[in-house]
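This is final.tsv (TSV, C-alpha atoms).
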chain	number	residue	atom	x	y	z
A	77	MET	CA	124.92	-148.82	171.05
A	78	THR	CA	127.26	-147.69	168.28
A	79	ASP	CA	126.63	-144.64	166.12
A	80	THR	CA	126.38	-146.87	163.06
A	81	ALA	CA	123.65	-148.91	164.72
A	82	ILE	CA	121.75	-145.74	165.72
A	83	LEU	CA	122.01	-144.36	162.19
A	84	GLU	CA	120.84	-147.65	160.74
A	85	ALA	CA	117.82	-147.71	163.05
A	86	VAL	CA	116.66	-144.11	162.58
A	87	GLY	CA	117.60	-144.27	158.89
A	88	GLU	CA	114.67	-146.68	158.42
A	89	VAL	CA	112.16	-143.87	159.00
A	90	ALA	CA	110.17	-143.45	155.78
A	91	ASP	CA	109.56	-140.17	153.98
A	92	PRO	CA	105.82	-139.57	154.54
A	93	GLU	CA	105.38	-138.12	151.05
A	94	VAL	CA	107.35	-140.74	149.12
A	95	PRO	CA	107.01	-143.68	151.51
A	96	VAL	CA	109.10	-145.97	149.33
A	97	LEU	CA	112.18	-143.96	150.37
A	98	THR	CA	113.75	-143.88	153.81
A	99	ILE	CA	115.38	-140.73	155.17
A	100	ALA	CA	118.73	-142.51	154.71
A	101	ASP	CA	117.99	-143.11	150.99
A	102	LEU	CA	117.08	-139.44	150.60
A	103	GLY	CA	120.12	-138.07	152.34
A	104	VAL	CA	117.84	-136.21	154.77
A	105	LEU	CA	119.53	-138.01	157.68
A	106	ARG	CA	122.82	-136.19	158.22
A	107	GLY	CA	124.44	-137.71	161.27
A	108	VAL	CA	124.54	-138.51	164.95
A	109	ARG	CA	126.64	-137.13	167.78
A	110	HIS	CA	126.75	-137.29	171.56
A	111	GLU	CA	126.37	-134.43	173.98
A	112	GLY	CA	126.95	-135.77	177.47
A	113	ASP	CA	124.53	-138.66	177.80
A	114	GLU	CA	122.29	-137.28	175.07
A	115	VAL	CA	122.18	-138.55	171.48
A	116	VAL	CA	121.67	-135.79	168.89
A	117	VAL	CA	120.44	-136.83	165.45
A	118	THR	CA	120.70	-134.20	162.69
A	119	ILE	CA	118.39	-134.01	159.70
A	120	THR	CA	118.12	-131.50	156.85
A	121	PRO	CA	115.05	-130.54	154.77
A	122	THR	CA	114.95	-131.19	151.03
A	123	TYR	CA	113.27	-127.78	150.48
A	124	SER	CA	113.00	-124.87	152.95
A	125	GLY	CA	109.24	-125.25	153.18
A	126	CYS	CA	109.10	-129.05	153.23
A	127	PRO	CA	106.00	-129.83	155.32
A	128	ALA	CA	107.16	-133.38	156.03
A	129	MET	CA	109.96	-132.29	158.36
A	130	ASP	CA	107.86	-132.15	161.52
A	131	LEU	CA	106.60	-135.68	161.01
A	132	ILE	CA	110.07	-137.00	160.15
A	133	LYS	CA	111.44	-135.38	163.29
A	134	HIS	CA	108.70	-136.93	165.37
A	135	GLU	CA	109.28	-140.40	163.91
A	136	VAL	CA	113.01	-140.20	164.58
A	137	GLU	CA	112.27	-139.20	168.18
A	138	LEU	CA	109.93	-142.19	168.54
A	139	THR	CA	112.61	-144.49	167.14
A	140	LEU	CA	115.15	-143.17	169.63
A	141	ARG	CA	112.69	-143.70	172.43
A	142	ALA	CA	112.02	-147.27	171.27
A	143	LEU	CA	115.78	-147.87	171.46
A	144	GLN	CA	115.65	-146.48	175.02
A	145	LEU	CA	118.02	-143.70	174.10
A	146	ASN	CA	117.91	-140.25	175.60
A	147	GLY	CA	117.99	-138.17	172.45
A	148	ARG	CA	116.75	-135.25	170.42
A	149	VAL	CA	116.58	-134.22	166.79
A	150	GLU	CA	118.21	-131.11	165.34
A	151	THR	CA	117.39	-129.59	161.96
A	152	VAL	CA	120.31	-128.14	160.04
A	153	LEU	CA	120.21	-126.13	156.80
A	154	SER	CA	123.86	-126.18	155.88
A	155	PRO	CA	125.26	-127.74	153.79
A	156	ALA	CA	122.15	-127.42	151.66
A	157	TRP	CA	120.52	-130.67	150.62
A	158	THR	CA	121.09	-131.80	147.07
A	159	THR	CA	119.68	-134.67	145.04
A	160	ASP	CA	123.29	-135.85	144.67
A	161	TRP	CA	122.95	-137.25	148.18
A	162	MET	CA	120.25	-139.68	147.16
A	163	SER	CA	121.58	-143.23	147.29
A	164	ASP	CA	121.64	-145.44	144.19
A	165	GLU	CA	119.37	-147.80	146.03
A	166	GLY	CA	116.97	-144.89	146.59
A	167	LYS	CA	117.02	-144.02	142.88
A	168	ALA	CA	116.27	-147.63	141.94
A	169	LYS	CA	113.37	-147.73	144.42
A	170	LEU	CA	111.97	-144.51	142.97
A	171	THR	CA	111.93	-145.85	139.42
A	172	GLU	CA	110.20	-149.00	140.60
A	173	TYR	CA	107.64	-146.86	142.43
A	174	GLY	CA	106.87	-144.94	139.21
A	175	ILE	CA	108.83	-141.75	139.86
A	176	ALA	CA	111.69	-140.84	137.53
A	177	PRO	CA	114.78	-140.34	139.71
A	178	PRO	CA	116.84	-137.14	139.61
A	179	THR	CA	119.29	-136.81	136.76
A	180	GLY	CA	122.69	-135.22	137.19
A	181	ARG	CA	121.84	-131.74	136.01
A	182	ARG	CA	119.31	-129.09	136.72
A	183	ALA	CA	117.17	-128.10	133.76
A	184	VAL	CA	117.22	-124.42	134.65
A	185	GLY	CA	119.34	-121.94	132.80
A	186	GLY	CA	119.14	-118.56	131.07
A	187	PRO	CA	115.92	-116.94	129.94
A	188	VAL	CA	114.99	-119.83	127.67
A	189	SER	CA	115.50	-123.01	129.56
A	190	LEU	CA	116.55	-126.27	128.10
A	191	SER	CA	114.50	-129.32	128.99
A	192	LEU	CA	116.42	-132.54	129.26
A	193	THR	CA	114.60	-135.69	128.29
A	194	LEU	CA	113.70	-138.34	130.82
A	195	ARG	CA	112.80	-141.97	130.47
A	196	CYS	CA	109.26	-142.93	131.40
A	197	PRO	CA	109.44	-145.01	134.58
A	198	GLN	CA	106.44	-147.07	133.38
A	199	CYS	CA	107.45	-148.13	129.84
A	200	GLY	CA	111.03	-146.86	129.52
A	201	SER	CA	110.36	-144.67	126.49
A	202	PRO	CA	112.54	-141.57	126.14
A	203	ASP	CA	109.69	-139.78	124.35
A	204	THR	CA	108.41	-137.73	127.28
A	205	THR	CA	107.29	-134.13	127.85
A	206	GLU	CA	107.57	-131.93	130.89
A	207	LEU	CA	104.08	-130.65	131.79
A	208	SER	CA	105.12	-128.49	134.72
A	209	ARG	CA	108.29	-127.82	136.61
A	210	PHE	CA	106.31	-128.13	139.83
A	211	GLY	CA	104.53	-131.31	140.92
A	212	SER	CA	102.62	-132.84	143.81
A	213	THR	CA	105.39	-131.97	146.26
A	214	SER	CA	108.19	-129.37	146.22
A	215	CYS	CA	110.77	-131.94	145.22
A	216	LYS	CA	109.00	-133.16	142.08
A	217	SER	CA	108.07	-131.99	138.59
A	218	LEU	CA	105.25	-133.32	136.45
A	219	TRP	CA	105.83	-135.20	133.18
A	220	ARG	CA	103.89	-137.18	130.59
A	221	CYS	CA	105.01	-140.11	128.48
A	222	ASN	CA	104.10	-139.70	124.81
A	223	SER	CA	104.38	-143.45	124.19
A	224	CYS	CA	102.25	-144.99	126.93
A	225	ARG	CA	100.42	-141.67	127.67
A	226	GLU	CA	100.89	-142.09	131.42
A	227	PRO	CA	101.66	-139.00	133.48
A	228	PHE	CA	104.50	-139.43	135.94
A	229	ASP	CA	106.43	-137.55	138.60
A	230	HIS	CA	110.10	-136.72	138.35
A	231	PHE	CA	112.26	-136.10	141.40
A	232	LYS	CA	113.88	-132.92	140.16
A	233	ALA	CA	117.56	-132.22	140.56
A	234	ILE	CA	118.46	-129.41	142.90
B	91	MET	CA	116.73	-103.28	168.24
B	92	SER	CA	119.96	-104.70	166.93
B	93	ASP	CA	120.90	-104.27	163.27
B	94	LEU	CA	120.99	-108.02	162.73
B	95	PHE	CA	117.46	-108.39	164.13
B	96	VAL	CA	116.14	-105.68	161.80
B	97	TYR	CA	117.97	-107.18	158.85
B	98	GLY	CA	116.50	-110.62	159.59
B	99	LEU	CA	113.03	-109.05	159.75
B	100	ARG	CA	113.49	-107.29	156.40
B	101	LEU	CA	114.42	-110.50	154.61
B	102	GLY	CA	111.94	-112.63	156.53
B	103	ASP	CA	109.02	-110.21	156.04
B	104	ASP	CA	109.69	-109.98	152.29
B	105	ALA	CA	109.53	-113.77	152.04
B	106	LEU	CA	106.49	-114.11	154.32
B	107	ILE	CA	104.36	-111.50	152.56
B	108	ALA	CA	105.40	-112.77	149.12
B	109	ALA	CA	104.35	-116.26	150.24
B	110	GLN	CA	100.95	-115.02	151.39
B	111	ARG	CA	100.22	-113.31	148.06
B	112	THR	CA	101.55	-116.23	146.01
B	113	ALA	CA	99.36	-118.66	147.94
B	114	GLU	CA	96.27	-116.63	147.06
B	115	TRP	CA	96.52	-118.15	143.57
B	116	ILE	CA	95.93	-121.67	144.82
B	117	ALA	CA	92.65	-122.83	143.24
B	118	ALA	CA	92.40	-119.53	141.31
B	119	ALA	CA	95.21	-119.82	138.75
B	120	PRO	CA	94.49	-120.19	135.00
B	121	GLN	CA	95.21	-123.92	135.03
B	122	LEU	CA	95.59	-126.74	137.53
B	123	GLU	CA	99.34	-127.07	136.92
B	124	GLU	CA	99.67	-123.38	137.75
B	125	ASP	CA	97.81	-123.81	141.06
B	126	VAL	CA	100.37	-126.47	141.92
B	127	ALA	CA	103.35	-124.46	140.67
B	128	LEU	CA	102.42	-121.29	142.56
B	129	GLY	CA	101.52	-123.38	145.61
B	130	ASN	CA	105.03	-124.82	145.58
B	131	ILE	CA	106.67	-121.46	145.02
B	132	GLY	CA	104.70	-119.98	147.91
B	133	LEU	CA	105.76	-122.90	150.09
B	134	ASP	CA	109.43	-122.27	149.30
B	135	GLN	CA	108.99	-118.61	150.21
B	136	LEU	CA	107.20	-119.56	153.42
B	137	GLY	CA	109.99	-121.97	154.35
B	138	GLN	CA	112.55	-119.21	153.86
B	139	ALA	CA	110.42	-116.84	155.93
B	140	ARG	CA	110.19	-119.33	158.79
B	141	SER	CA	113.95	-119.82	158.98
B	142	LEU	CA	114.63	-116.08	158.76
B	143	LEU	CA	112.01	-115.04	161.33
B	144	GLN	CA	113.04	-117.82	163.68
B	145	TYR	CA	116.59	-116.51	163.47
B	146	ALA	CA	115.46	-112.91	163.97
B	147	GLY	CA	113.62	-114.02	167.12
B	148	THR	CA	116.74	-115.77	168.42
B	149	VAL	CA	118.89	-112.72	167.70
B	150	GLU	CA	116.42	-110.43	169.45
B	151	GLY	CA	116.61	-112.63	172.55
B	152	ALA	CA	113.18	-111.62	173.87
B	153	GLY	CA	111.72	-115.08	173.49
B	154	ARG	CA	109.67	-114.35	170.38
B	155	SER	CA	109.15	-117.29	168.03
B	156	GLU	CA	108.66	-117.20	164.25
B	157	ASP	CA	104.90	-117.39	164.91
B	158	ASP	CA	104.97	-114.48	167.36
B	159	LEU	CA	106.74	-112.37	164.76
B	160	ALA	CA	104.42	-113.39	161.93
B	161	TYR	CA	101.10	-113.24	163.76
B	162	PHE	CA	101.45	-110.73	166.56
B	163	ARG	CA	103.10	-107.71	165.02
B	164	ASP	CA	101.08	-104.83	163.60
B	165	GLU	CA	101.22	-103.21	160.21
B	166	ARG	CA	103.87	-100.63	161.05
B	167	ASP	CA	106.17	-103.27	162.53
B	168	PHE	CA	106.53	-105.11	159.22
B	169	LEU	CA	109.60	-104.16	157.17
B	170	ASN	CA	108.83	-105.83	153.82
B	171	VAL	CA	109.04	-103.90	150.57
B	172	GLN	CA	105.71	-102.74	149.17
B	173	LEU	CA	106.20	-104.81	146.01
B	174	CYS	CA	105.47	-107.98	148.02
B	175	GLU	CA	102.17	-106.74	149.46
B	176	LEU	CA	100.46	-105.43	146.31
B	177	PRO	CA	97.26	-107.33	145.51
B	178	THR	CA	97.56	-110.31	143.17
B	179	GLY	CA	95.70	-108.40	140.44
B	180	ASP	CA	95.61	-109.87	136.97
B	181	PHE	CA	97.63	-113.09	136.55
B	182	ALA	CA	100.19	-111.15	134.50
B	183	HIS	CA	100.59	-108.68	137.41
B	184	SER	CA	101.56	-111.53	139.71
B	185	ILE	CA	103.91	-112.99	137.11
B	186	ALA	CA	105.60	-109.61	136.64
B	187	ARG	CA	106.04	-109.34	140.40
B	188	LEU	CA	107.47	-112.87	140.58
B	189	LEU	CA	109.97	-112.07	137.84
B	190	PHE	CA	111.12	-108.90	139.60
B	191	PHE	CA	111.15	-110.33	143.11
B	192	ALA	CA	112.66	-113.76	142.37
B	193	THR	CA	115.42	-112.25	140.22
B	194	TYR	CA	116.24	-109.92	143.12
B	195	GLN	CA	116.10	-112.72	145.68
B	196	HIS	CA	118.34	-114.91	143.55
B	197	LEU	CA	121.05	-112.25	143.34
B	198	LEU	CA	120.67	-111.48	147.05
B	199	TYR	CA	120.93	-115.08	148.23
B	200	GLU	CA	123.88	-115.74	145.92
B	201	GLU	CA	125.78	-113.03	147.78
B	202	LEU	CA	124.41	-113.80	151.21
B	203	ARG	CA	125.41	-117.46	151.14
B	204	GLY	CA	129.03	-116.36	151.37
B	205	CYS	CA	128.49	-114.04	154.36
B	206	ALA	CA	130.14	-114.56	157.74
B	207	ASP	CA	126.88	-115.27	159.58
B	208	GLU	CA	126.48	-119.02	159.55
B	209	THR	CA	122.69	-119.05	159.83
B	210	LEU	CA	122.03	-116.43	157.17
B	211	ALA	CA	124.54	-118.14	154.88
B	212	GLY	CA	122.82	-121.48	155.47
B	213	VAL	CA	119.34	-120.14	154.71
B	214	ALA	CA	120.63	-118.38	151.59
B	215	GLY	CA	122.57	-121.41	150.36
B	216	LYS	CA	119.40	-123.45	150.49
B	217	ALA	CA	117.05	-120.79	149.15
B	218	VAL	CA	119.15	-119.82	146.15
B	219	LYS	CA	118.52	-123.20	144.53
B	220	GLU	CA	114.77	-122.93	145.07
B	221	VAL	CA	114.57	-119.36	143.81
B	222	ALA	CA	116.35	-120.38	140.58
B	223	TYR	CA	113.21	-122.37	139.80
B	224	HIS	CA	111.01	-119.35	140.62
B	225	VAL	CA	112.96	-117.13	138.22
B	226	ASP	CA	112.68	-119.79	135.56
B	227	HIS	CA	108.95	-120.16	136.06
B	228	ALA	CA	108.29	-116.42	135.90
B	229	THR	CA	110.52	-116.10	132.85
B	230	GLN	CA	108.65	-118.78	130.94
B	231	TRP	CA	105.34	-117.05	131.61
B	232	VAL	CA	106.58	-113.57	130.68
B	233	LEU	CA	107.85	-114.95	127.36
B	234	ARG	CA	104.68	-116.90	126.72
B	235	LEU	CA	102.30	-114.06	127.54
B	236	GLY	CA	104.39	-111.23	126.10
B	237	ASP	CA	105.07	-113.05	122.85
B	238	GLY	CA	101.59	-114.59	122.72
B	239	THR	CA	98.36	-113.05	121.47
B	240	GLU	CA	97.60	-109.36	121.21
B	241	GLU	CA	95.53	-109.58	124.39
B	242	SER	CA	98.12	-111.54	126.41
B	243	HIS	CA	100.82	-109.09	125.26
B	244	ARG	CA	98.72	-106.12	126.34
B	245	ARG	CA	98.09	-107.63	129.76
B	246	MET	CA	101.71	-108.69	130.30
B	247	GLN	CA	102.82	-105.16	129.49
B	248	ALA	CA	100.21	-103.79	131.91
B	249	GLY	CA	101.52	-106.12	134.61
B	250	LEU	CA	105.12	-105.00	134.09
B	251	ASP	CA	104.04	-101.35	134.09
B	252	ALA	CA	102.03	-101.77	137.32
B	253	MET	CA	104.87	-103.44	139.26
B	254	TRP	CA	107.76	-101.37	137.94
B	255	PRO	CA	107.29	-98.34	140.26
B	256	TYR	CA	107.77	-100.66	143.25
B	257	THR	CA	111.09	-102.17	142.18
B	258	ALA	CA	113.54	-99.43	143.23
B	259	GLU	CA	112.74	-100.07	146.86
B	260	LEU	CA	114.36	-103.52	146.56
B	261	PHE	CA	117.72	-101.86	145.96
B	262	ALA	CA	117.55	-98.94	148.36
B	263	SER	CA	120.67	-98.77	150.48
B	264	ASP	CA	120.73	-97.29	153.97
B	265	ASP	CA	122.97	-96.88	157.02
B	266	LEU	CA	121.96	-100.24	158.45
B	267	VAL	CA	123.12	-102.38	155.52
B	268	LYS	CA	126.33	-100.37	155.37
B	269	ARG	CA	126.99	-100.79	159.10
B	270	LEU	CA	126.11	-104.46	159.34
B	271	ASP	CA	129.02	-106.40	157.89
B	272	VAL	CA	127.06	-109.59	157.17
B	273	ALA	CA	124.35	-107.71	155.23
B	274	VAL	CA	124.34	-107.46	151.45
B	275	ASP	CA	124.03	-103.85	150.32
B	276	PRO	CA	121.15	-104.27	147.85
B	277	SER	CA	122.28	-101.31	145.73
B	278	THR	CA	125.16	-103.49	144.54
B	279	LEU	CA	122.67	-105.92	142.96
B	280	GLU	CA	120.70	-103.43	140.90
B	281	GLU	CA	122.81	-103.33	137.76
B	282	GLU	CA	122.83	-107.10	137.30
B	283	TRP	CA	119.12	-107.27	138.16
B	284	LEU	CA	118.32	-104.67	135.53
B	285	SER	CA	120.31	-106.51	132.93
B	286	ARG	CA	118.59	-109.84	133.67
B	287	VAL	CA	115.02	-108.55	133.70
B	288	THR	CA	115.67	-106.40	130.63
B	289	GLN	CA	116.83	-109.46	128.73
B	290	VAL	CA	113.59	-111.29	129.57
B	291	ILE	CA	111.37	-108.30	128.82
B	292	ASP	CA	113.11	-107.67	125.48
B	293	GLU	CA	112.76	-111.27	124.47
B	294	SER	CA	109.08	-111.25	125.43
B	295	THR	CA	108.54	-108.36	122.92
B	296	CYS	CA	107.24	-106.18	125.76
B	297	GLU	CA	108.83	-102.90	126.62
B	298	ARG	CA	110.76	-102.13	129.74
B	299	PRO	CA	108.64	-99.64	131.69
B	300	THR	CA	110.03	-96.15	131.84
B	301	SER	CA	108.09	-94.71	134.78
B	302	SER	CA	110.49	-92.69	136.86
B	303	TYR	CA	108.28	-92.34	139.95
B	304	GLN	CA	109.19	-94.97	142.56
B	305	HIS	CA	107.35	-95.79	145.78
B	306	SER	CA	109.16	-96.41	149.04
B	307	GLY	CA	108.57	-96.71	152.76
B	308	GLY	CA	108.18	-100.44	153.39
B	309	ARG	CA	111.55	-100.78	155.10
B	310	GLU	CA	110.43	-98.10	157.59
B	311	GLY	CA	107.08	-99.78	158.18
B	312	ARG	CA	105.05	-97.55	155.87
B	313	HIS	CA	102.81	-99.67	153.70
B	314	THR	CA	100.15	-99.45	151.01
B	315	GLU	CA	96.46	-99.42	151.88
B	316	HIS	CA	96.27	-103.08	150.86
B	317	PHE	CA	98.58	-104.30	153.57
B	318	GLY	CA	96.20	-104.13	156.53
B	319	PHE	CA	93.73	-106.37	154.74
B	320	LEU	CA	96.47	-108.87	153.94
B	321	LEU	CA	97.54	-108.97	157.59
B	322	ALA	CA	93.94	-109.37	158.75
B	323	GLU	CA	93.68	-112.54	156.71
B	324	LEU	CA	97.13	-113.78	157.66
B	325	GLN	CA	96.75	-113.17	161.39
B	326	HIS	CA	93.05	-113.61	162.04
B	327	VAL	CA	93.04	-117.22	163.26
B	328	ALA	CA	96.17	-116.89	165.40
B	329	ARG	CA	94.82	-113.75	167.09
B	330	SER	CA	91.34	-115.13	167.64
B	331	HIS	CA	92.71	-118.26	169.29
B	332	PRO	CA	96.05	-117.29	170.80
B	333	GLY	CA	98.17	-120.27	171.74
B	334	ALA	CA	95.92	-122.75	169.94
B	335	SER	CA	97.61	-125.75	168.36
B	336	TRP	CA	96.35	-128.42	166.01

The structure given in the file should be rewritten as structure tokens.
Amino acid sequence: MTDTAILEAVGEVADPEVPVLTIADLGVLRGVRHEGDEVVVTITPTYSGCPAMDLIKHEVELTLRALQLNGRVETVLSPAWTTDWMSDEGKAKLTEYGIAPPTGRRAVGGPVSLSLTLRCPQCGSPDTTELSRFGSTSCKSLWRCNSCREPFDHFKAI
Amino acid sequence: MSDLFVYGLRLGDDALIAAQRTAEWIAAAPQLEEDVALGNIGLDQLGQARSLLQYAGTVEGAGRSEDDLAYFRDERDFLNVQLCELPTGDFAHSIARLLFFATYQHLLYEELRGCADETLAGVAGKAVKEVAYHVDHATQWVLRLGDGTEESHRRMQAGLDAMWPYTAELFASDDLVKRLDVAVDPSTLEEEWLSRVTQVIDESTCERPTSSYQHSGGREGRHTEHFGFLLAELQHVARSHPGASW
């Protein structure tokens, strides 16, 4: 089995917290290599404390087993994950799912931080307000649309 | 005990104990969004602690895991600064602590990510981006409370005053950090730290505390009277059911 085929197969594992995204979409899947007759798949967490990592690791191991491969999963921290690694397909899926995808820049600066506007993933209005920089998971912030009044999550840039 | 092991414990214990105190706000913060925010911040700190303690255990080479180090060491074995273990207190106390600690951590990790130790550099490179959000969060609250009502101003000032005497310990240099080439000598961070927190405090209309007395001892395992209670809560389940998994 080629490395590309292995990556394609394990890349289908879904993120348990945002199930519309696969670990390939997220950029959590980093690569595959061979050590003797063993296949080593490397993954990286989005945030240091991401509680989904154990489950993702387990699912990748199950996928390897289903492919009848002798393999293991390694977690690496470096280079540090960034939202830049999210695929365009992943960003499109997020919007469709109701989560505003990461924008290019982080909205964190000096003592008074500048909030960048986001489009509401429900109605498309740019008239939105950040309610909290922290949302239902580490990787998201919480917003509200002032036009359709719906709250929504934003996958924050890091 | 090797220098690198001790250094890993210092950084890991700071993050672990900060995480424990931060998490105490979950379901007790002034608003639901704040429960979530502090929950996330605590989770980041816990993630950093896990990586650092896991590495310390590997460096030690005695087969101790991150869990062994977190749950089965006693009070005097912990090397965190006392700032991290102080009780949550008033909300403004915790916000003052977060401002002081996250600003320190941000400067530390910025330096550490360039160090020659691949693991420490990796942990720091990841953590620095998370901590930037912690600094930002604390800053917004200090400005809002300090420049808010008379009562919120009074309490923000009280929080800053209460935490200030525990800040010098963050920057205390010693032989170990000078000997260990991958370590960041924290005394080199103090000037920039002071300038950053002063800017926030000034803008919040509070006053930078002037207390000259500074506590110390955490890095040698000497802790405040609050620390044993914190450990009791942190370690109780693991010690009552050693080896249990769920």

Identify, on the basis of only C-alpha atoms, every residue whose closest approach to Glu114 of chain B does not exceed 9 Å; exclude the query and any residue fewer than 5 positions from it along the same chain; express the result as a PyMOL selection string.
chain B and resi 109+119+128-129+178

Listing only residues of chain B within 10 Å of chain A, what is the closest atom pair and its distance in Å (to one decimal) for each, using only C-alpha atoms, sorted by chain and residue number ascending, as a Markdown table?
| residue | atom | partner | partner_atom | distance |
| --- | --- | --- | --- | --- |
| B:Glu123 | CA | A:Ser208 | CA | 6.3 |
| B:Glu124 | CA | A:Ser208 | CA | 8.1 |
| B:Asp125 | CA | A:Phe210 | CA | 9.6 |
| B:Val126 | CA | A:Gly211 | CA | 6.5 |
| B:Ala127 | CA | A:Phe210 | CA | 4.8 |
| B:Leu128 | CA | A:Phe210 | CA | 8.3 |
| B:Gly129 | CA | A:Phe210 | CA | 8.9 |
| B:Asn130 | CA | A:Ser214 | CA | 5.6 |
| B:Ile131 | CA | A:Ser214 | CA | 8.1 |
| B:Gly132 | CA | A:Gly125 | CA | 8.7 |
| B:Leu133 | CA | A:Gly125 | CA | 5.2 |
| B:Asp134 | CA | A:Gly125 | CA | 4.9 |
| B:Gln135 | CA | A:Gly125 | CA | 7.3 |
| B:Leu136 | CA | A:Gly125 | CA | 6.0 |
| B:Gly137 | CA | A:Gly125 | CA | 3.6 |
| B:Gln138 | CA | A:Ser124 | CA | 5.8 |
| B:Ala139 | CA | A:Gly125 | CA | 8.9 |
| B:Arg140 | CA | A:Gly125 | CA | 8.2 |
| B:Ser141 | CA | A:Ser124 | CA | 7.9 |
| B:Glu208 | CA | A:Ser154 | CA | 8.5 |
| B:Thr209 | CA | A:Leu153 | CA | 8.1 |
| B:Leu210 | CA | A:Leu153 | CA | 9.9 |
| B:Ala211 | CA | A:Ser154 | CA | 8.1 |
| B:Gly212 | CA | A:Ser154 | CA | 4.8 |
| B:Val213 | CA | A:Leu153 | CA | 6.4 |
| B:Ala214 | CA | A:Ala156 | CA | 9.2 |
| B:Gly215 | CA | A:Ala156 | CA | 6.2 |
| B:Lys216 | CA | A:Ala156 | CA | 5.0 |
| B:Ala217 | CA | A:Ser124 | CA | 6.9 |
| B:Val218 | CA | A:Ala156 | CA | 9.9 |
| B:Lys219 | CA | A:Ile234 | CA | 6.4 |
| B:Glu220 | CA | A:Tyr123 | CA | 7.4 |
| B:Ala222 | CA | A:Val184 | CA | 7.2 |
| B:Tyr223 | CA | A:Val184 | CA | 6.8 |
| B:His224 | CA | A:Arg209 | CA | 9.8 |
| B:Val225 | CA | A:Pro187 | CA | 8.8 |
| B:Asp226 | CA | A:Val184 | CA | 6.5 |
| B:His227 | CA | A:Arg209 | CA | 7.7 |
| B:Ala228 | CA | A:Pro187 | CA | 9.7 |
| B:Thr229 | CA | A:Pro187 | CA | 6.2 |
| B:Gln230 | CA | A:Val188 | CA | 7.2 |
| B:Val232 | CA | A:Pro187 | CA | 10.0 |
| B:Leu233 | CA | A:Val188 | CA | 8.7 |
| B:Arg286 | CA | A:Pro187 | CA | 8.5 |
| B:Val287 | CA | A:Pro187 | CA | 9.2 |
| B:Gln289 | CA | A:Pro187 | CA | 7.6 |
| B:Val290 | CA | A:Pro187 | CA | 6.1 |
| B:Ile291 | CA | A:Pro187 | CA | 9.8 |
| B:Glu293 | CA | A:Pro187 | CA | 8.5 |
| B:Ser294 | CA | A:Pro187 | CA | 10.0 |

So that I can check the surroundings of segment 301-309 of chain B, please list as a VMD selection string every protein, DNA and RNA residue that reaches within 9 Å of it, counting only C-alpha atoms and ignoring chain neighbours fewer than 4 positions away.
chain B and resid 100 166 168 to 173 251 254 to 259 262 313 to 314

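Minimum atom-to-atom distances from B:Leu197, B:Val149, B:Ile185, B:Leu250 to Thr278 of chain B were compared using all atoms listed in the file, and the lowest value belongs to B:Leu197.
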
A straight line from atom CA of Ser277 of chain B to atom CA of Leu143 of chain B spans 23.2 Å

With 3 Å on each side, where is the centre of the axis-aligned box around all listed atoms of segment 213-223 of chain A, and how long are its edges in Å to one decimal, as lines of an AutoDock Vina configuration file?
center_x = 107.3
center_y = -136.4
center_z = 135.2
size_x = 12.9
size_y = 20.1
size_z = 28.1

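For the set B:Glu175, B:Leu122, B:Met91, B:Glu165, the residue with the smallest atom-to-atom gap to Gln325 of chain B is B:Glu165, counting only C-alpha atoms.
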
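In this model, the gap between atom CA of Ser201 of chain A and atom CA of Pro95 of chain A comes to 25.3 Å.
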
Give as an NGL selection string the set of residues within 12 Å of the point (124.8, -140.4, 170.3), where distances use the file's coordinates and all atoms listed in the file.
:A and (77-83 or 86 or 107-118 or 140 or 143-149)

Restricting it to C-alpha atoms, dump the selection as a compact mmCIF listing (two decimals), in the frame of the given file.
# COMPACT_ATOMS: atom_id res chain seq x y z
CA MET A 77 124.92 -148.82 171.05
CA THR A 78 127.26 -147.69 168.28
CA ASP A 79 126.63 -144.64 166.12
CA THR A 80 126.38 -146.87 163.06
CA ALA A 81 123.65 -148.91 164.72
CA ILE A 82 121.75 -145.74 165.72
CA LEU A 83 122.01 -144.36 162.19
CA VAL A 86 116.66 -144.11 162.58
CA GLY A 107 124.44 -137.71 161.27
CA VAL A 108 124.54 -138.51 164.95
CA ARG A 109 126.64 -137.13 167.78
CA HIS A 110 126.75 -137.29 171.56
CA GLU A 111 126.37 -134.43 173.98
CA GLY A 112 126.95 -135.77 177.47
CA ASP A 113 124.53 -138.66 177.80
CA GLU A 114 122.29 -137.28 175.07
CA VAL A 115 122.18 -138.55 171.48
CA VAL A 116 121.67 -135.79 168.89
CA VAL A 117 120.44 -136.83 165.45
CA THR A 118 120.70 -134.20 162.69
CA LEU A 140 115.15 -143.17 169.63
CA LEU A 143 115.78 -147.87 171.46
CA GLN A 144 115.65 -146.48 175.02
CA LEU A 145 118.02 -143.70 174.10
CA ASN A 146 117.91 -140.25 175.60
CA GLY A 147 117.99 -138.17 172.45
CA ARG A 148 116.75 -135.25 170.42
CA VAL A 149 116.58 -134.22 166.79

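Put simply, atom CA of Thr295 of chain B is 6.0 Å away from atom CA of Gly236 of chain B.
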
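In this comparison, which uses all atoms listed in the file, the residue of A:Asp91, A:Gly174, A:Lys169, A:Ser163 approaching Lys133 of chain A most closely is A:Asp91.
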
Given all atoms listed in the file as the basis, pick out the residue of B:Asp157, B:Asp237, B:Glu201, B:Asp93 nearest to Asp292 of chain B.
B:Asp237

Polymer residues at most 7 Å from (96.3, -110.3, 133.5) by all atoms listed in the file, as a PyMOL selection string:
chain B and resi 180-183+245-246+249

Give the answer as one residue: which of A:Glu206, A:Arg195, A:Ile175, A:Asp101 has the shortest atom-to-atom distance to Phe228 of chain A, using only C-alpha atoms?
A:Ile175
